[in-house]
Every structure is written in structure tokens, then in C-alpha cells.
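What follows is a single structure, written as C-alpha cells, with notes after it.
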Amino acid sequence: MLNFAAIDFETANGNPCSVCSVGVVVVKNGKVTDRVYRLIHPVPNYYSPGNVKVHGLTKEDTDDADTFPEVWAEIEQYIEGLPLVAHFSRFDENCLKSAFARFNMTYPYYQFYCTCTASRKVFGKSLPNHKLPTVAKQCGYDLEQHHHALADAEAAAAIALRIL
């Protein structure tokens, strides 16, 4: 796979539509052409302590951020016509569909590929697990800021370039 957009969302709470950040890495002809990171004012706008512990974002970080429709209007220009790649893509696809539904936007049914599923097929039991940092390391990518949406999208892109 030489043309795709790797994507990662972080959420403010347990509601999948509460996206509070997004990272996108665009790959064309096997080369990274664009990187985009945006904070998002989540809806509903509250942060669960467990989520904050994972990604470090708080309500204060996103109070002045744009809402999902405004951020997505920018993001969709980068990903138009490209399949989407994510590690454990069910989570990110669910976030995307939920945010579209929350804001009564028509979901365009993006084609998703999962680097976690691909890792299980390619590496099988040779890895201790198929978590993003483990698979990224196996693929030669040093994921230093796990759960930062852009860093995770970059890791997914590196994995996809190696095994998809």
C-alpha cells in the first residue's frame, strides 16, 4: 500500500464521539507528504480521569479548540480519495462514525485498514503482543509519545508501509 492516510483519535471520555484530538499522516507513492494534528473541542465536553491519564489532554487544552465539523472540514481535504489506516481501526472508525452522527453529518464510509490485524497475520506469535508500540518497534519506528494522536498516526503509517 503506497497511498493512504494514517489516522488516530484520542477521546475525552468513554463516549466515542468525544474526540479531543486527531492526528493524520498522509502517504503518497510510499512517502509521507503531510502531517496534521488538531485539538478538538469534544462533545460531550468533559474529561474522564482515565482518559486524561492515557493522553494527558484536559478540558483546558481544548476549551478554545474548534469543534469536530470545523476540524474535519480541514482534515478531509488531506485524505480525499485515500483509504484510512489505523492501529486497532475499530476504535478510530467508531470515533469517526460517532462524531459524524453526533453532528448530523453524512458519513462517507471511508475504507479502513487495520495495522493491528495485519500485524497478527504477519508477525503472529513472534511478538509478545500486537500493541502499537510493540509493532512499531518491530517495524523500525520508535514511538516515543504513545497516545499523542499524531505520534500514533505516524507509527501506524510506518507499520502500514512495512506490512500492508
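Chain lettering (A, B, ...) mirrors the order of the C-alpha cells, residue numbering begins at 1 for each chain separately, and ligand numbering begins at 1 in order of display.
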Which residues of range 69-147 of chain A have any atom within 10 Å of an atom in range 43-62 of chain A when counting only C-alpha atoms, and what is the closest pair of atoms for each, with the distance in Å to one decimal? Order the rows by chain and rising number and write it as CSV.
```
residue,atom,partner,partner_atom,distance
A:Ala99,CA,A:Val43,CA,8.5
A:Arg102,CA,A:Val43,CA,8.2
A:Phe103,CA,A:Val43,CA,9.3
A:Gln145,CA,A:His55,CA,9.2
A:His146,CA,A:His55,CA,8.0
A:His147,CA,A:His55,CA,5.1
```
Would you save the residues from that selection as a JSON list (two decimals), in the first residue's frame, using N, CA, C and O atoms?
```json
[["chain", "number", "residue", "atom", "x", "y", "z"],
["A", 99, "ALA", "N", -18.72, 10.69, 15.72],
["A", 99, "ALA", "CA", -18.63, 12.15, 15.61],
["A", 99, "ALA", "C", -19.48, 12.65, 14.44],
["A", 99, "ALA", "O", -20.18, 13.67, 14.56],
["A", 102, "ARG", "N", -23.06, 12.48, 15.68],
["A", 102, "ARG", "CA", -23.33, 13.48, 16.72],
["A", 102, "ARG", "C", -23.61, 14.86, 16.11],
["A", 102, "ARG", "O", -24.42, 15.62, 16.60],
["A", 103, "PHE", "N", -22.93, 15.15, 15.02],
["A", 103, "PHE", "CA", -23.09, 16.46, 14.38],
["A", 103, "PHE", "C", -23.97, 16.40, 13.14],
["A", 103, "PHE", "O", -23.98, 17.32, 12.32],
["A", 145, "GLN", "N", 5.98, 9.01, 21.95],
["A", 145, "GLN", "CA", 4.85, 9.72, 22.57],
["A", 145, "GLN", "C", 3.54, 8.96, 22.35],
["A", 145, "GLN", "O", 2.58, 9.50, 21.81],
["A", 146, "HIS", "N", 3.51, 7.71, 22.79],
["A", 146, "HIS", "CA", 2.30, 6.90, 22.60],
["A", 146, "HIS", "C", 1.10, 7.62, 23.21],
["A", 146, "HIS", "O", 1.19, 8.19, 24.29],
["A", 147, "HIS", "N", 0.00, 7.59, 22.51],
["A", 147, "HIS", "CA", -1.26, 8.24, 22.85],
["A", 147, "HIS", "C", -1.26, 9.73, 22.57],
["A", 147, "HIS", "O", -2.16, 10.46, 23.01]]
```
Residues near range 22-24 of chain A, anyone? I mean within 7 Å using only C-alpha atoms, not counting same-chain ones fewer than 4 positions away, as a PyMOL selection string.
chain A and resi 5-10+35-39+149-150+153
Could those selected residues go to a file with N, CA and C atoms, as a compact mmCIF listing (two decimals), in the first residue's frame?
```txt
# COMPACT_ATOMS: atom_id res chain seq x y z
N ALA A 5 -3.95 7.40 4.18
CA ALA A 5 -3.83 8.35 5.29
C ALA A 5 -3.96 7.57 6.59
N ALA A 6 -2.93 7.64 7.42
CA ALA A 6 -2.99 7.02 8.74
C ALA A 6 -3.65 8.02 9.68
N ILE A 7 -4.55 7.52 10.53
CA ILE A 7 -5.33 8.42 11.39
C ILE A 7 -5.40 7.86 12.80
N ASP A 8 -5.43 8.77 13.77
CA ASP A 8 -5.59 8.36 15.15
C ASP A 8 -6.39 9.42 15.90
N PHE A 9 -7.33 8.96 16.70
CA PHE A 9 -8.14 9.85 17.55
C PHE A 9 -7.84 9.57 19.02
N GLU A 10 -7.95 10.60 19.83
CA GLU A 10 -8.00 10.46 21.28
C GLU A 10 -9.35 11.00 21.71
N ARG A 35 1.52 15.96 7.43
CA ARG A 35 1.21 15.59 8.81
C ARG A 35 0.29 16.67 9.36
N VAL A 36 -0.80 16.24 10.00
CA VAL A 36 -1.76 17.20 10.55
C VAL A 36 -2.12 16.76 11.96
N TYR A 37 -2.08 17.69 12.89
CA TYR A 37 -2.51 17.43 14.26
C TYR A 37 -3.43 18.57 14.68
N ARG A 38 -4.59 18.23 15.21
CA ARG A 38 -5.52 19.24 15.68
C ARG A 38 -6.15 18.80 17.00
N LEU A 39 -6.26 19.77 17.89
CA LEU A 39 -7.08 19.58 19.08
C LEU A 39 -8.52 19.83 18.67
N ALA A 149 -1.99 11.79 19.37
CA ALA A 149 -2.65 11.36 18.13
C ALA A 149 -1.72 11.40 16.91
N LEU A 150 -0.89 12.41 16.79
CA LEU A 150 0.00 12.46 15.63
C LEU A 150 1.09 11.41 15.72
N ALA A 153 -0.45 8.16 14.78
CA ALA A 153 -0.72 8.09 13.33
C ALA A 153 0.59 7.87 12.57
```
From a backbone DSSP assignment, name each residue in chain A labelled strand (DSSP E or B), as a ChimeraX atom specification.
/A:4-11,19-28,31-39,84-86,112-114
Hey, what's within 12 Å of range 136-143 of chain A if we count only C-alpha atoms and toss same-chain stuff fewer than 2 positions away? As number ranges by chain, please?
A: 87, 115-116, 119, 122-123, 126-134, 145-164
Those in range 28-132 of chain A with helix (DSSP H, G or I) from DSSP, as a ChimeraX atom specification
/A:49-55,59-62,68-79,89-102,115-126,132
What does the file look like for those residues with N, CA and C atoms, as a compact mmCIF listing (two decimals), in the first residue's frame?
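Dumped everything to out.txt:
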```txt
# COMPACT_ATOMS: atom_id res chain seq x y z
N PRO A 49 -11.11 10.97 34.14
CA PRO A 49 -9.74 10.86 34.66
C PRO A 49 -8.91 9.78 33.96
N GLY A 50 -9.53 8.67 33.62
CA GLY A 50 -8.80 7.60 32.94
C GLY A 50 -8.30 8.02 31.57
N ASN A 51 -9.11 8.77 30.85
CA ASN A 51 -8.70 9.25 29.54
C ASN A 51 -7.56 10.25 29.66
N VAL A 52 -7.68 11.15 30.64
CA VAL A 52 -6.63 12.14 30.87
C VAL A 52 -5.31 11.44 31.19
N LYS A 53 -5.40 10.38 31.99
CA LYS A 53 -4.20 9.64 32.37
C LYS A 53 -3.53 9.02 31.14
N VAL A 54 -4.33 8.61 30.17
CA VAL A 54 -3.79 7.97 28.97
C VAL A 54 -3.10 8.99 28.07
N HIS A 55 -3.79 10.08 27.72
CA HIS A 55 -3.23 11.00 26.72
C HIS A 55 -2.78 12.35 27.26
N LYS A 59 -9.63 19.49 29.72
CA LYS A 59 -10.64 20.43 29.23
C LYS A 59 -10.01 21.77 28.88
N GLU A 60 -9.06 22.22 29.68
CA GLU A 60 -8.40 23.49 29.42
C GLU A 60 -7.64 23.48 28.10
N ASP A 61 -7.14 22.32 27.71
CA ASP A 61 -6.40 22.21 26.45
C ASP A 61 -7.30 22.42 25.24
N THR A 62 -8.57 22.05 25.38
CA THR A 62 -9.45 22.06 24.20
C THR A 62 -10.61 23.05 24.30
N PHE A 68 -15.63 19.34 16.06
CA PHE A 68 -15.34 18.34 15.05
C PHE A 68 -15.68 18.78 13.62
N PRO A 69 -16.85 19.34 13.34
CA PRO A 69 -17.13 19.70 11.94
C PRO A 69 -16.12 20.69 11.36
N GLU A 70 -15.66 21.62 12.16
CA GLU A 70 -14.68 22.59 11.67
C GLU A 70 -13.33 21.92 11.41
N VAL A 71 -12.91 21.06 12.32
CA VAL A 71 -11.64 20.36 12.15
C VAL A 71 -11.73 19.40 10.97
N TRP A 72 -12.84 18.68 10.85
CA TRP A 72 -12.96 17.70 9.78
C TRP A 72 -13.00 18.37 8.41
N ALA A 73 -13.53 19.55 8.31
CA ALA A 73 -13.53 20.27 7.03
C ALA A 73 -12.10 20.48 6.53
N GLU A 74 -11.17 20.66 7.45
CA GLU A 74 -9.76 20.78 7.07
C GLU A 74 -9.15 19.41 6.77
N ILE A 75 -9.41 18.45 7.65
CA ILE A 75 -8.81 17.12 7.50
C ILE A 75 -9.22 16.46 6.20
N GLU A 76 -10.49 16.57 5.84
CA GLU A 76 -10.97 15.84 4.67
C GLU A 76 -10.29 16.29 3.38
N GLN A 77 -9.75 17.48 3.36
CA GLN A 77 -9.01 17.94 2.18
C GLN A 77 -7.73 17.12 1.99
N TYR A 78 -7.13 16.70 3.10
CA TYR A 78 -5.90 15.92 3.04
C TYR A 78 -6.15 14.47 2.66
N ILE A 79 -7.27 13.91 3.08
CA ILE A 79 -7.49 12.47 2.94
C ILE A 79 -8.41 12.10 1.78
N SER A 89 -8.17 -0.35 14.20
CA SER A 89 -9.00 0.59 13.44
C SER A 89 -10.45 0.64 13.89
N ARG A 90 -10.94 -0.41 14.54
CA ARG A 90 -12.34 -0.38 15.01
C ARG A 90 -12.57 0.81 15.93
N PHE A 91 -11.61 1.12 16.78
CA PHE A 91 -11.75 2.27 17.68
C PHE A 91 -11.84 3.58 16.88
N ASP A 92 -10.90 3.80 16.00
CA ASP A 92 -10.86 5.07 15.26
C ASP A 92 -12.04 5.20 14.30
N GLU A 93 -12.42 4.11 13.67
CA GLU A 93 -13.59 4.15 12.78
C GLU A 93 -14.86 4.43 13.58
N ASN A 94 -14.97 3.84 14.75
CA ASN A 94 -16.13 4.09 15.61
C ASN A 94 -16.16 5.55 16.07
N CYS A 95 -15.01 6.10 16.43
CA CYS A 95 -14.94 7.52 16.81
C CYS A 95 -15.41 8.40 15.65
N LEU A 96 -14.90 8.10 14.47
CA LEU A 96 -15.24 8.91 13.30
C LEU A 96 -16.73 8.83 12.98
N LYS A 97 -17.27 7.63 12.95
CA LYS A 97 -18.70 7.47 12.68
C LYS A 97 -19.55 8.13 13.76
N SER A 98 -19.14 8.01 15.01
CA SER A 98 -19.90 8.60 16.12
C SER A 98 -19.87 10.12 16.06
N ALA A 99 -18.72 10.69 15.72
CA ALA A 99 -18.63 12.15 15.61
C ALA A 99 -19.48 12.65 14.44
N PHE A 100 -19.45 11.94 13.33
CA PHE A 100 -20.30 12.32 12.20
C PHE A 100 -21.78 12.29 12.61
N ALA A 101 -22.18 11.23 13.30
CA ALA A 101 -23.57 11.11 13.74
C ALA A 101 -23.94 12.19 14.74
N ARG A 102 -23.06 12.48 15.68
CA ARG A 102 -23.33 13.48 16.72
C ARG A 102 -23.61 14.86 16.11
N THR A 115 -3.76 -1.92 11.07
CA THR A 115 -2.40 -2.41 11.21
C THR A 115 -2.26 -3.44 12.33
N CYS A 116 -3.17 -3.43 13.29
CA CYS A 116 -3.14 -4.45 14.35
C CYS A 116 -3.51 -5.81 13.77
N THR A 117 -4.57 -5.86 12.98
CA THR A 117 -4.97 -7.10 12.31
C THR A 117 -3.86 -7.59 11.39
N ALA A 118 -3.27 -6.67 10.64
CA ALA A 118 -2.18 -7.04 9.73
C ALA A 118 -0.99 -7.58 10.51
N SER A 119 -0.69 -6.97 11.65
CA SER A 119 0.42 -7.43 12.49
C SER A 119 0.19 -8.87 12.95
N ARG A 120 -1.02 -9.17 13.35
CA ARG A 120 -1.32 -10.54 13.80
C ARG A 120 -1.08 -11.56 12.68
N LYS A 121 -1.42 -11.15 11.45
CA LYS A 121 -1.23 -12.05 10.31
C LYS A 121 0.24 -12.18 9.94
N VAL A 122 0.96 -11.05 9.96
CA VAL A 122 2.35 -11.06 9.51
C VAL A 122 3.29 -11.59 10.58
N PHE A 123 3.14 -11.14 11.82
CA PHE A 123 4.08 -11.49 12.87
C PHE A 123 3.62 -12.62 13.78
N GLY A 124 2.32 -12.86 13.81
CA GLY A 124 1.78 -13.96 14.60
C GLY A 124 2.28 -13.95 16.03
N LYS A 125 2.72 -15.11 16.49
CA LYS A 125 3.16 -15.27 17.88
C LYS A 125 4.63 -14.89 18.09
N SER A 126 5.26 -14.36 17.07
CA SER A 126 6.66 -13.96 17.24
C SER A 126 6.79 -12.68 18.07
N LEU A 132 0.42 -1.09 19.70
CA LEU A 132 1.06 -0.16 18.78
C LEU A 132 2.56 0.01 19.04
```
Just give me the gap between CA of Leu82 in chain A and CA of Ala65 in chain A in Å, one decimal is fine.
26.0 Å
Atom-to-atom span, CA of Val85 in chain A and CA of Val26 in chain A, Å
9.9 Å
A:Met105, A:Cys114, A:Val135, A:Ile40 ranked by distance to Ala12 in chain A, top pick (using only C-alpha atoms)
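Comparing A:Met105, A:Cys114, A:Val135, A:Ile40 against Ala12 in chain A, the winner is A:Ile40.
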